[in-house]
$ cat structure.txt   # compact mmCIF, C-alpha atoms
# COMPACT_ATOMS: atom_id res chain seq x y z
CA MET A 1 61.40 -80.74 67.99
CA ALA A 2 59.62 -77.45 67.27
CA PRO A 3 59.21 -75.03 70.20
CA THR A 4 55.41 -75.25 69.85
CA ASP A 5 55.62 -79.01 70.51
CA LEU A 6 57.61 -78.63 73.71
CA VAL A 7 55.92 -79.25 77.04
CA LYS A 8 56.59 -76.37 79.40
CA PHE A 9 58.34 -77.18 82.63
CA VAL A 10 55.51 -75.66 84.68
CA ASP A 11 53.08 -78.06 82.98
CA ALA A 12 55.37 -81.09 83.35
CA VAL A 13 55.57 -80.64 87.14
CA LYS A 14 51.85 -80.13 87.80
CA LEU A 15 50.64 -82.09 90.82
CA GLN A 16 47.25 -83.37 91.90
CA GLU A 17 46.71 -83.30 95.67
CA LEU A 18 45.28 -86.65 96.76
CA ASP A 19 45.35 -85.83 100.46
CA GLU A 20 47.33 -83.60 102.80
CA ARG A 21 50.53 -85.67 102.45
CA THR A 22 50.13 -87.34 99.05
CA PHE A 23 50.35 -85.93 95.53
CA LYS A 24 50.02 -87.50 92.10
CA VAL A 25 52.32 -86.56 89.21
CA ASN A 26 52.38 -87.72 85.60
CA PHE A 27 56.04 -87.87 84.58
CA ASN A 28 56.25 -86.42 81.08
CA PRO A 29 58.19 -88.34 78.38
CA GLN A 30 59.78 -85.13 77.12
CA TYR A 31 61.72 -84.94 80.38
CA CYS A 32 63.33 -88.36 79.99
CA ILE A 33 66.79 -89.62 79.08
CA GLY A 34 65.85 -92.47 76.79
CA ASN A 35 63.08 -94.28 78.68
CA VAL A 36 64.10 -93.05 82.13
CA VAL A 37 62.83 -89.89 83.80
CA ASN A 38 65.52 -87.27 84.37
CA GLY A 39 66.44 -87.34 88.05
CA GLY A 40 66.54 -83.56 88.45
CA TYR A 41 63.07 -83.22 86.92
CA ALA A 42 61.67 -85.84 89.30
CA ALA A 43 63.45 -84.10 92.20
CA SER A 44 61.80 -80.79 91.26
CA CYS A 45 58.39 -82.48 91.41
CA MET A 46 59.22 -83.71 94.91
CA VAL A 47 60.34 -80.25 96.05
CA ILE A 48 57.08 -78.75 94.78
CA ALA A 49 55.09 -81.39 96.67
CA ALA A 50 57.03 -80.73 99.90
CA ALA A 51 56.66 -76.96 99.46
CA ASN A 52 52.90 -77.32 98.95
CA TYR A 53 52.65 -79.40 102.12
CA LEU A 54 54.78 -77.14 104.33
CA SER A 55 53.45 -73.87 102.92
CA LYS A 56 50.51 -74.44 105.27
CA ARG A 57 53.03 -74.06 108.10
CA GLY A 58 54.60 -71.00 106.45
CA GLN A 59 57.73 -72.96 105.39
CA PRO A 60 57.75 -73.03 101.56
CA ASP A 61 61.49 -72.86 100.83
CA LEU A 62 63.89 -75.77 100.39
CA VAL A 63 66.93 -75.18 102.61
CA THR A 64 68.82 -78.43 102.13
CA SER A 65 68.12 -81.92 100.81
CA GLN A 66 69.67 -85.31 100.14
CA TRP A 67 68.37 -87.60 97.40
CA SER A 68 68.97 -91.30 96.83
CA PHE A 69 68.09 -93.01 93.54
CA PRO A 70 67.70 -96.73 94.31
CA ASP A 71 65.85 -97.39 91.04
CA ARG A 72 64.70 -95.73 87.82
CA CYS A 73 61.60 -93.55 87.46
CA TYR A 74 59.57 -94.20 84.32
CA THR A 75 57.07 -92.05 82.48
CA GLY A 76 53.48 -92.04 83.61
CA GLU A 77 51.74 -91.78 86.94
CA ALA A 78 53.51 -91.76 90.27
CA VAL A 79 52.56 -90.71 93.77
CA ILE A 80 54.72 -88.52 95.98
CA VAL A 81 54.34 -89.22 99.69
CA ILE A 82 55.49 -86.87 102.47
CA GLU A 83 56.24 -88.04 106.00
CA ASP A 84 57.06 -85.71 108.88
CA ILE A 85 60.34 -86.27 110.67
CA LYS A 86 60.30 -83.10 112.77
CA LYS A 87 57.96 -80.12 112.75
CA GLY A 88 59.83 -77.04 113.92
CA ARG A 89 58.93 -73.39 114.35
CA MET A 90 61.83 -72.30 112.13
CA LEU A 91 62.81 -75.47 110.23
CA SER A 92 60.87 -78.64 109.44
CA ASN A 93 62.31 -81.98 108.32
CA VAL A 94 60.39 -84.32 106.01
CA GLN A 95 61.00 -87.54 104.11
CA VAL A 96 59.67 -87.48 100.55
CA SER A 97 59.37 -90.60 98.41
CA VAL A 98 58.15 -91.47 94.92
CA TRP A 99 56.11 -94.63 94.36
CA GLN A 100 55.25 -96.20 90.98
CA GLY A 101 53.37 -99.32 89.91
CA ALA A 102 50.38 -100.95 91.63
CA LEU A 103 48.90 -97.53 92.45
CA LEU A 104 45.52 -97.42 94.19
CA ASN A 105 42.46 -95.22 93.65
CA SER A 106 42.11 -94.39 97.34
CA ALA A 107 44.30 -94.05 100.42
CA PRO A 108 46.98 -95.22 100.98
CA TRP A 109 47.24 -94.65 97.16
CA PHE A 110 49.96 -97.30 96.58
CA ASP A 111 50.64 -100.89 97.57
CA ARG A 112 53.68 -100.95 99.84
CA GLU A 113 54.37 -104.60 98.94
CA LYS A 114 53.93 -104.34 95.16
CA SER A 115 54.76 -100.71 94.29
CA ARG A 116 58.31 -99.57 93.55
CA ARG A 117 60.06 -96.72 95.38
CA PRO A 118 62.63 -95.44 92.86
CA LEU A 119 63.40 -92.14 94.56
CA LEU A 120 63.76 -91.03 98.17
CA SER A 121 64.72 -87.70 99.74
CA LEU A 122 65.26 -86.07 103.11
CA MET A 123 64.47 -82.35 103.03
CA VAL A 124 64.64 -79.36 105.35
CA LEU A 125 62.24 -76.50 104.55
CA ALA A 126 61.70 -73.07 106.10
CA ASP A 127 60.70 -69.50 105.30
CA MET A 128 64.10 -68.21 104.20
CA ASP A 129 62.87 -64.62 104.16
CA LYS A 130 62.80 -64.87 107.97
CA PHE A 131 66.47 -65.84 108.24
CA ASP A 132 68.71 -63.20 109.87
CA SER A 133 70.25 -61.34 106.93
CA SER A 134 72.74 -59.60 109.25
CA LEU A 135 74.53 -62.95 109.49
CA SER A 136 75.19 -63.06 105.72
CA VAL A 137 78.93 -62.43 105.28
CA PRO A 138 81.41 -63.37 102.54
CA THR A 139 84.11 -65.93 103.22
CA ALA A 140 87.60 -66.23 101.81
CA TYR A 141 86.39 -68.75 99.20
CA LYS A 142 87.55 -68.12 95.65
CA THR A 143 86.38 -69.83 92.48
CA PRO A 144 88.91 -71.87 90.46
CA ALA A 145 89.05 -69.04 87.90
CA GLU A 146 89.76 -66.46 90.62
CA LEU A 147 92.51 -68.66 92.10
CA THR A 148 94.25 -68.90 88.72
CA GLY A 149 93.69 -65.25 87.80
CA LEU A 150 91.53 -66.14 84.79
CA THR A 151 88.54 -64.15 83.61
CA ILE A 152 85.38 -65.94 82.50
CA PRO A 153 83.93 -63.83 79.66
CA ASP A 154 80.32 -62.76 79.93
CA PRO A 155 78.09 -64.09 77.15
CA ASP A 156 76.27 -61.96 74.62
CA PHE A 157 72.82 -63.22 75.55
CA GLU A 158 71.12 -61.71 72.53
CA ARG A 159 73.49 -63.50 70.16
CA LEU A 160 73.06 -66.75 72.05
CA ARG A 161 69.27 -66.47 71.70
CA ARG A 162 69.52 -65.63 68.01
CA ASP A 163 72.53 -67.60 66.77
CA ASN A 164 73.22 -70.10 69.61
CA SER A 165 76.78 -68.79 69.61
CA ASP A 166 78.89 -65.72 70.32
CA ASP A 167 82.67 -65.14 70.42
CA ASN A 168 83.21 -67.27 73.53
CA TRP A 169 80.16 -69.52 74.03
CA THR A 170 78.34 -72.04 71.86
CA LEU A 171 75.35 -74.35 72.17
CA SER A 172 76.12 -77.81 73.56
CA VAL A 173 74.90 -80.31 70.96
CA PRO A 174 75.14 -84.11 70.77
CA PRO A 175 77.36 -85.71 68.14
CA GLY A 176 75.52 -86.22 64.86
CA ASP A 177 75.58 -90.01 65.08
CA TRP A 178 73.83 -90.13 68.45
CA SER A 179 70.29 -91.50 68.44
CA LYS A 180 67.37 -89.18 69.03
CA ASP A 181 66.81 -90.95 72.36
CA ALA A 182 70.26 -89.92 73.54
CA ALA A 183 69.78 -86.29 72.49
CA THR A 184 66.91 -85.58 74.85
CA LEU A 185 65.62 -82.79 77.09
CA HIS A 186 64.97 -80.31 74.28
CA GLN A 187 63.40 -77.87 76.72
CA LYS A 188 66.79 -76.57 77.83
CA ALA A 189 69.70 -74.97 76.03
CA MET A 190 73.21 -75.28 77.49
CA TYR A 191 76.01 -73.00 76.29
CA VAL A 192 79.58 -74.14 76.86
CA PRO A 193 83.01 -72.59 76.18
CA LYS A 194 83.61 -72.33 72.45
CA LYS A 195 87.40 -72.66 72.44
CA GLY A 196 88.08 -75.04 75.29
CA LEU A 197 87.66 -74.85 79.05
CA PHE A 198 88.41 -71.47 80.60
CA THR A 199 89.73 -73.24 83.72
CA PRO A 200 91.28 -76.75 83.45
CA GLY A 201 89.01 -79.37 84.97
CA VAL A 202 86.08 -76.97 85.38
CA MET A 203 83.09 -76.78 83.05
CA ASP A 204 81.31 -73.44 82.95
CA MET A 205 78.00 -73.20 81.15
CA TRP A 206 75.02 -70.90 80.83
CA VAL A 207 71.55 -72.44 80.68
CA ARG A 208 68.09 -71.27 79.72
CA LEU A 209 64.72 -72.87 78.98
CA THR A 210 63.67 -72.98 75.32
CA THR A 211 59.97 -72.99 76.24
CA GLY A 212 59.82 -69.25 76.92
CA GLU A 213 59.79 -69.80 80.69
CA ASN A 214 62.12 -68.50 83.36
CA TRP A 215 64.05 -70.61 85.82
CA THR A 216 62.38 -70.53 89.23
CA GLN A 217 63.50 -71.74 92.64
CA GLN A 218 61.62 -75.01 92.28
CA SER A 219 63.29 -75.80 88.93
CA LEU A 220 66.80 -75.67 90.42
CA PRO A 221 67.02 -79.44 91.13
CA TYR A 222 66.50 -79.90 87.38
CA VAL A 223 69.30 -77.41 86.67
CA ALA A 224 71.63 -79.20 89.10
CA ASP A 225 71.20 -82.46 87.15
CA LEU A 226 71.95 -81.03 83.69
CA LEU A 227 75.14 -82.23 82.01
CA PRO A 228 76.63 -80.92 78.76
CA TYR A 229 77.28 -83.29 75.87
CA GLU A 230 80.99 -82.38 75.86
CA MET A 231 81.64 -84.27 79.08
CA GLU A 232 84.97 -85.71 77.95
CA ARG A 233 86.40 -82.19 77.61
CA TYR A 234 85.58 -81.63 81.24
CA LEU A 235 86.03 -84.98 82.99
CA VAL A 236 89.13 -86.37 81.31
CA ALA A 237 92.58 -84.88 81.78
CA PRO A 238 94.01 -83.67 78.43
CA GLU A 239 96.86 -86.21 78.40
CA MET A 240 94.44 -89.07 79.14
CA LYS A 241 92.03 -87.94 76.42
CA ALA A 242 94.85 -87.94 73.88
CA LEU A 243 95.80 -91.48 74.95
CA ALA A 244 92.17 -92.68 74.71
CA ASP A 245 91.81 -91.17 71.23
CA GLU A 246 95.01 -92.90 70.13
CA MET A 247 93.82 -96.28 71.42
CA GLN A 248 90.44 -95.90 69.68
CA ASN A 249 92.15 -94.91 66.42
CA GLN A 250 94.08 -98.21 66.51
CA ASP A 251 90.78 -100.07 66.06
CA ARG A 252 89.75 -98.06 62.99
CA PRO A 253 90.56 -99.30 59.45
CA LYS A 254 93.71 -97.79 57.96
CA GLY A 255 94.04 -96.07 54.61
CA ALA A 256 96.88 -96.49 52.09
CA ASP A 257 98.94 -93.96 54.00
CA GLY A 258 98.47 -95.86 57.23
CA ALA A 259 96.28 -93.17 58.78
CA PRO A 260 92.94 -94.13 60.32
CA LYS A 261 90.11 -93.65 57.84
CA GLY A 262 86.45 -93.11 58.45
CA LYS A 263 84.87 -91.21 61.27
CA ARG A 264 84.93 -92.70 64.75
CA LYS A 265 81.38 -93.31 65.92
CA ALA A 266 80.64 -91.54 69.18
CA GLN A 267 79.30 -93.84 71.88
CA PRO A 268 76.60 -92.11 73.89
CA PHE A 269 76.78 -92.65 77.61
CA TRP A 270 74.19 -92.21 80.33
CA MET A 271 75.28 -90.49 83.52
CA ALA A 272 73.04 -92.22 86.06
CA THR A 273 72.62 -90.12 89.22
CA LEU A 274 73.20 -92.19 92.37
CA ALA A 275 72.98 -89.37 94.91
CA LEU A 276 72.18 -85.65 94.85
CA ASN A 277 72.64 -83.10 97.65
CA LEU A 278 71.34 -79.53 97.43
CA GLU A 279 71.74 -76.44 99.60
CA THR A 280 69.90 -73.18 98.89
CA LYS A 281 72.11 -70.14 99.38
CA ASP A 282 69.69 -67.49 98.12
CA LEU A 283 66.26 -67.23 96.54
CA LEU A 284 65.56 -66.27 92.96
CA PRO A 285 62.89 -63.57 92.43
CA LYS A 286 59.36 -64.95 92.32
CA GLU A 287 59.13 -64.30 88.58
CA GLY A 288 62.35 -66.24 88.01
CA VAL A 289 65.27 -65.47 85.70
CA GLU A 290 66.00 -66.38 82.09
CA TRP A 291 69.69 -67.27 82.48
CA LEU A 292 71.68 -69.19 85.07
CA HIS A 293 75.42 -69.78 85.24
CA VAL A 294 76.37 -73.35 86.21
CA ARG A 295 79.90 -74.39 87.16
CA LEU A 296 80.80 -78.11 87.35
CA LEU A 297 83.91 -79.50 89.02
CA ALA A 298 84.77 -83.21 89.18
CA LYS A 299 87.73 -84.49 91.19
CA HIS A 300 88.07 -88.15 90.18
CA MET A 301 86.46 -90.90 88.12
CA SER A 302 86.88 -94.45 89.37
CA GLY A 303 85.28 -97.45 87.71
CA GLY A 304 82.84 -95.13 85.91
CA LYS A 305 81.72 -93.48 89.17
CA PHE A 306 82.44 -89.79 89.51
CA ASP A 307 81.70 -86.86 91.79
CA GLN A 308 80.62 -83.34 90.89
CA GLU A 309 80.54 -80.11 92.82
CA ILE A 310 78.05 -77.71 91.25
CA GLU A 311 77.58 -73.98 91.71
CA ILE A 312 74.44 -72.32 90.36
CA ARG A 313 74.60 -68.52 90.09
CA ASP A 314 72.34 -65.85 88.65
CA GLY A 315 73.34 -63.37 85.96
CA SER A 316 74.88 -61.04 88.55
CA GLY A 317 77.13 -63.79 89.87
CA ASP A 318 75.25 -64.25 93.13
CA LEU A 319 75.41 -67.80 94.46
CA ILE A 320 71.89 -69.31 94.46
CA MET A 321 72.45 -73.01 95.10
CA LEU A 322 75.23 -75.50 95.80
CA ALA A 323 74.92 -79.11 94.72
CA HIS A 324 76.95 -82.29 94.93
CA THR A 325 76.22 -85.35 92.85
CA ILE A 326 77.60 -88.87 92.56
CA SER A 327 76.98 -90.44 89.16
CA MET A 328 77.77 -93.65 87.33
CA THR A 329 78.73 -93.71 83.66
CA LEU A 330 76.85 -96.43 81.77
CA LYS A 331 76.33 -97.29 78.12
CA PHE A 332 73.26 -95.52 76.86
CA ASP A 333 71.55 -98.65 75.51
CA ARG A 334 70.81 -99.57 79.15
CA ASN A 335 68.61 -96.50 79.25
CA THR A 336 66.48 -97.50 76.26
CA SER A 337 65.69 -101.00 77.45
CA ARG A 338 62.03 -101.75 78.06
CA THR A 339 62.96 -103.97 80.98
CA LYS A 340 62.25 -102.14 84.22
CA SER A 341 65.22 -103.44 86.11
CA SER A 342 67.34 -101.70 88.67
CA LEU A 343 70.99 -100.75 88.24
$ encode --input "structure.txt" --output "structure tokens"
Amino acid sequence: MAPTDLVKFVDAVKLQELDERTFKVNFNPQYCIGNVVNGGYAASCMVIAAANYLSKRGQPDLVTSQWSFPDRCYTGEAVIVIEDIKKGRMLSNVQVSVWQGALLNSAPWFDREKSRRPLLSLMVLADMDKFDSSLSVPTAYKTPAELTGLTIPDPDFERLRRDNSDDNWTLSVPPGDWSKDAATLHQKAMYVPKKGLFTPGVMDMWVRLTTGENWTQQSLPYVADLLPYEMERYLVAPEMKALADEMQNQDRPKGADGAPKGKRKAQPFWMATLALNLETKDLLPKEGVEWLHVRLLAKHMSGGKFDQEIEIRDGSGDLIMLAHTISMTLKFDRNTSRTKSSL
């Protein structure tokens, strides 16, 4: 997809205010995984709606949030509804939900009996500039690389822009036999270690938007839900990956020398987000930044379900956001079905 054909993130998250607590969004197909809207993109739309609502109280910044994904969001119109839980002088709590199907042209804007609610969030917002900065102190926490004494090399950003690769980092790309539906979200570029993980079990990557935009605070839920294509390098222990490769090679036809012949077809998988938690540690500048460093750490996969701890840092290494996700690994063809069924 040519850069001129890409829909900018700022355009994809535009909202129409229907009333004080209700906003309409048109989920853009370019921000889908197959036929399903990317969860982080939808979450960013919800954060923008909540920020618009609470900005009137002087509380525009997301402090913490918990998302649940009971169903899939599809492209097209949806309404985002905000309900107050607690209005506070310093912090306010709201419930934010997405509704699709059977939408109405006037309040209440959706049919509670017939519409679907695929996404639900509890959020705390405030004016973080009013927090007491004298209480900001470092802890004894060390990153996995620091604990093992390893150094994560800085990227050559100019080479990554020009060549999509430098001595240590390379663009994350889907295997060549994946369908175009599986290789989606062309608006972002993810750069992963070129010669293997720097720290075992930890995936470091640098991300930027290919639309010429900067990352802003309200795009961070989208960043938190980005996954590189080389997931097996990160999720699977090396000895288990070798065993899995050996088992798959047994099913391939053998040549005269007994060695497997032909190329093993890569099976695309969909990492369906079941839950997402975010905590803002610091605010990006209003104009945003071009590059963000994302670190992913998974502890265990069981029955296809796996956890991730996510750190999002700016180019100076300052911690901007923490995230935790729970995801389910599913075959990708479930994500291209036209049937609007739940998991």
$ atom_distance --input "structure.txt" --atom1 "CA of Asp129 in chain A" --atom2 "CA of Gln59 in chain A"
9.9 Å
$ closest_residue --input "structure.txt" --among "A:Arg89, A:Lys142, A:His293, A:Arg161" --to "Met205 in chain A" --atoms "only C-alpha atoms"
A:His293
$ closest_residue --input "structure.txt" --among "A:Asp314, A:Asp11, A:Glu230, A:Asp5" --to "Val173 in chain A" --atoms "all atoms listed in the file"
A:Glu230
$ atom_distance --input "structure.txt" --atom1 "CA of Val63 in chain A" --atom2 "CA of Leu226 in chain A"
20.4 Å
$ closest_residue --input "structure.txt" --among "A:Thr280, A:Ser172, A:Ser133, A:Thr151" --to "Met190 in chain A" --atoms "all atoms listed in the file"
A:Ser172
$ atom_distance --input "structure.txt" --atom1 "CA of Ser44 in chain A" --atom2 "CA of Ala272 in chain A"
16.9 Å
$ residues_around --input "structure.txt" --residues "Gln16 in chain A" --least-positions-apart "3" --cutoff "10 Å" --atoms "all atoms listed in the file" --output "PyMOL selection string"
chain A and resi 13+19+22-26+49+79-80
$ closest_residue --input "structure.txt" --among "A:Gln187, A:Ser92, A:Gln100, A:Asn277" --to "Glu77 in chain A" --atoms "only C-alpha atoms"
A:Gln100
